[in-house]
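Below: one structure, written as structure tokens.
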Amino acid sequence: MKEITEAHPDRATVRRIGRSRLGEPLWSLTVHGGPRQVLVVGAVHPNEAIGGLTALHLARTLVDEDSLREDLDRTWHIIPCIDPDGTRLNEPSFDGPLTMDSYGRSFYRPAVDEQVEWTFPFAYKEAFFDRVLPETVALMRIIDETKPLLLCSLHNGEYGGVFYYLSRGSDTLNARLAELPGLLTEAEAEVPAQTIPIRKLVGVQFGAIFATTADLTG
């Protein structure tokens, strides 16, 4: 992130939005644009480093391509790694070999009640939860501050395939999302694109890309 902001100080800034449970700083990179806000969050599951890499690629694309940034007319808030503590525990597999065996031997994902997306506070009938993680507090704070038109949480699958969870969709949006895998690979879909409740599933094989936690947090 530092490289992006140093190369494009007029377009992008970075700021700390909180600290993790072990004291790691949590960073958000902002690519400045129009009045409507978009929030992108990577490494929500710390074993899924490709989400953070995708977030950084998006940031670089936005600052490099003036016409794209101007056409979209959005301000982008990009958090490449919301769980650096958990991501560090997956680092042994990042250097390779890029195999399922290496990935599995270094696999770490927190229990559900220790995951950022699953620890927002709520009260419903007899159910109550307020043991909010510091990382979740940071995410809540930036959501409240920016009031994003779109919030995109990036994940990845272990065995290939593409899927989307949408809070609401449309035939046009579903069709565009179904087209995306074909633009990124020449592999044939294993299953046809299909819409099922709250999910779009498109079976296309993708390779895995790994990085170090430092790549995602600084």
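Residues are named by chain letter and number: chains run A, B, ... in the order of the structure tokens, numbers start at 1 in each chain, and ligands are numbered from 1 in the order shown.
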
Which neighbours of A:Arg60 fall inside 12 Å, counting only C-alpha atoms, when residues of the same chain fewer than 2 positions from it are skipped, and could you give them as a VMD selection string? chain A and resid 1 to 8 11 to 12 29 to 31 53 to 58 62 to 66 68 to 69 76 78

Just write the chosen residues, N, CA and C atoms, as an mmCIF file, in the first residue's frame.
```cif
data_model
loop_
_atom_site.group_PDB
_atom_site.id
_atom_site.type_symbol
_atom_site.label_atom_id
_atom_site.label_comp_id
_atom_site.auth_asym_id
_atom_site.auth_seq_id
_atom_site.Cartn_x
_atom_site.Cartn_y
_atom_site.Cartn_z
ATOM 1 N N MET A 1 0.820 -1.203 0.000
ATOM 2 C CA MET A 1 0.000 0.000 0.000
ATOM 3 C C MET A 1 0.859 1.259 0.000
ATOM 4 N N LYS A 2 1.954 1.213 0.753
ATOM 5 C CA LYS A 2 2.832 2.374 0.823
ATOM 6 C C LYS A 2 3.372 2.736 -0.548
ATOM 7 N N GLU A 3 3.717 1.712 -1.346
ATOM 8 C CA GLU A 3 4.227 1.967 -2.693
ATOM 9 C C GLU A 3 3.180 2.669 -3.551
ATOM 10 N N ILE A 4 1.927 2.272 -3.392
ATOM 11 C CA ILE A 4 0.850 2.870 -4.189
ATOM 12 C C ILE A 4 0.669 4.338 -3.831
ATOM 13 N N THR A 5 0.627 4.635 -2.541
ATOM 14 C CA THR A 5 0.390 6.020 -2.128
ATOM 15 C C THR A 5 1.591 6.913 -2.418
ATOM 16 N N GLU A 6 2.804 6.363 -2.318
ATOM 17 C CA GLU A 6 3.988 7.169 -2.627
ATOM 18 C C GLU A 6 4.068 7.483 -4.116
ATOM 19 N N ALA A 7 3.629 6.542 -4.954
ATOM 20 C CA ALA A 7 3.667 6.763 -6.399
ATOM 21 C C ALA A 7 2.530 7.660 -6.872
ATOM 22 N N HIS A 8 1.426 7.687 -6.112
ATOM 23 C CA HIS A 8 0.246 8.456 -6.534
ATOM 24 C C HIS A 8 -0.328 9.236 -5.347
ATOM 25 N N ARG A 11 -3.781 10.776 -5.660
ATOM 26 C CA ARG A 11 -4.938 9.922 -5.927
ATOM 27 C C ARG A 11 -5.271 8.985 -4.771
ATOM 28 N N ALA A 12 -4.274 8.639 -3.967
ATOM 29 C CA ALA A 12 -4.490 7.623 -2.940
ATOM 30 C C ALA A 12 -3.834 8.024 -1.627
ATOM 31 N N LEU A 29 -6.631 1.743 2.494
ATOM 32 C CA LEU A 29 -6.147 2.602 1.414
ATOM 33 C C LEU A 29 -7.354 3.221 0.723
ATOM 34 N N THR A 30 -7.337 4.527 0.561
ATOM 35 C CA THR A 30 -8.432 5.231 -0.104
ATOM 36 C C THR A 30 -7.970 5.748 -1.456
ATOM 37 N N VAL A 31 -8.693 5.364 -2.498
ATOM 38 C CA VAL A 31 -8.485 5.921 -3.835
ATOM 39 C C VAL A 31 -9.591 6.943 -4.045
ATOM 40 N N LEU A 53 -4.756 -9.997 -2.173
ATOM 41 C CA LEU A 53 -4.031 -9.693 -3.405
ATOM 42 C C LEU A 53 -4.962 -9.071 -4.444
ATOM 43 N N THR A 54 -6.193 -9.560 -4.495
ATOM 44 C CA THR A 54 -7.175 -8.981 -5.414
ATOM 45 C C THR A 54 -7.468 -7.532 -5.043
ATOM 46 N N ALA A 55 -7.573 -7.259 -3.746
ATOM 47 C CA ALA A 55 -7.820 -5.894 -3.288
ATOM 48 C C ALA A 55 -6.681 -4.964 -3.693
ATOM 49 N N LEU A 56 -5.438 -5.427 -3.534
ATOM 50 C CA LEU A 56 -4.291 -4.607 -3.918
ATOM 51 C C LEU A 56 -4.236 -4.406 -5.430
ATOM 52 N N HIS A 57 -4.569 -5.441 -6.184
ATOM 53 C CA HIS A 57 -4.601 -5.303 -7.650
ATOM 54 C C HIS A 57 -5.651 -4.275 -8.062
ATOM 55 N N LEU A 58 -6.797 -4.304 -7.400
ATOM 56 C CA LEU A 58 -7.837 -3.311 -7.677
ATOM 57 C C LEU A 58 -7.316 -1.907 -7.404
ATOM 58 N N LEU A 62 -6.943 1.084 -10.193
ATOM 59 C CA LEU A 62 -7.681 2.341 -10.070
ATOM 60 C C LEU A 62 -6.760 3.556 -10.150
ATOM 61 N N VAL A 63 -5.588 3.480 -9.518
ATOM 62 C CA VAL A 63 -4.694 4.646 -9.554
ATOM 63 C C VAL A 63 -3.973 4.761 -10.893
ATOM 64 N N ASP A 64 -3.799 3.636 -11.594
ATOM 65 C CA ASP A 64 -3.071 3.657 -12.866
ATOM 66 C C ASP A 64 -3.952 4.052 -14.049
ATOM 67 N N GLU A 65 -5.239 3.734 -13.977
ATOM 68 C CA GLU A 65 -6.119 3.938 -15.125
ATOM 69 C C GLU A 65 -7.078 5.099 -14.851
ATOM 70 N N ASP A 66 -6.687 6.266 -15.320
ATOM 71 C CA ASP A 66 -7.470 7.475 -15.065
ATOM 72 C C ASP A 66 -8.891 7.367 -15.622
ATOM 73 N N LEU A 68 -10.765 4.744 -16.210
ATOM 74 C CA LEU A 68 -11.592 3.826 -15.433
ATOM 75 C C LEU A 68 -12.051 4.482 -14.137
ATOM 76 N N ARG A 69 -11.115 5.110 -13.446
ATOM 77 C CA ARG A 69 -11.444 5.755 -12.175
ATOM 78 C C ARG A 69 -12.471 6.865 -12.379
ATOM 79 N N TRP A 76 -12.963 4.829 -3.282
ATOM 80 C CA TRP A 76 -12.757 3.433 -2.909
ATOM 81 C C TRP A 76 -11.963 3.339 -1.609
ATOM 82 N N ILE A 78 -10.144 0.524 0.544
ATOM 83 C CA ILE A 78 -9.684 -0.841 0.316
ATOM 84 C C ILE A 78 -8.863 -1.308 1.515
#
```

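When the distance limit is 8 Å and only C-alpha atoms are what count, the residues near stretch 35-41 of chain A, minus those fewer than 3 positions from it on the same chain, are Val44, Gly51, Gly52, Ala55, Asp73, Arg74, Thr75, Trp76, His77, Ile78, Ile79, Pro80, Cys81, Ile82, Ile143, Thr146, Lys147, Pro148, Leu149, Leu150, Leu151, Cys152, Ser153 and Leu154 of chain A.
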
Just give me the gap between atom CA of A:Gly182 and atom CA of A:Gly157 in Å, one decimal is fine. 17.1 Å

Residue contacts of stretch 106-122 of chain A (9 Å, only C-alpha atoms) excluding same-chain residues fewer than 6 positions away, as an MDAnalysis selection string: chainID A and resid 44:47 82:83 86:87 89:93 128:137 139:140

Apply DSSP to the structure's backbone, then extract all residues of stretch 75-166 of chain A labelled helix (DSSP H, G or I) and return them as an MDAnalysis selection string. chainID A and resid 84:89 91:93 100:105 112:114 116:118 134:146

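Secondary structure by DSSP on the backbone puts the following residues of stretch 18-134 of chain A in strand (DSSP E or B): Gly18, Arg19, Pro25, Leu26, Trp27, Ser28, Leu29, Thr30, Val31, Arg36, Gln37, Val38, Leu39, Val40, Val41, Arg74, Thr75, Trp76, His77, Ile78, Ile79, Phe122, Ala123, Tyr124, Ala127, Phe128 and Phe129 of chain A.
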
One-decimal distance in Å that lies between atom CA of A:Ile50 and atom CA of A:Gly23: 23.2 Å

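With only C-alpha atoms as the atoms that count, the residue of A:Asp85, A:Arg105, A:Val162, A:Ser167 with the shortest distance to A:Glu179 is A:Val162.
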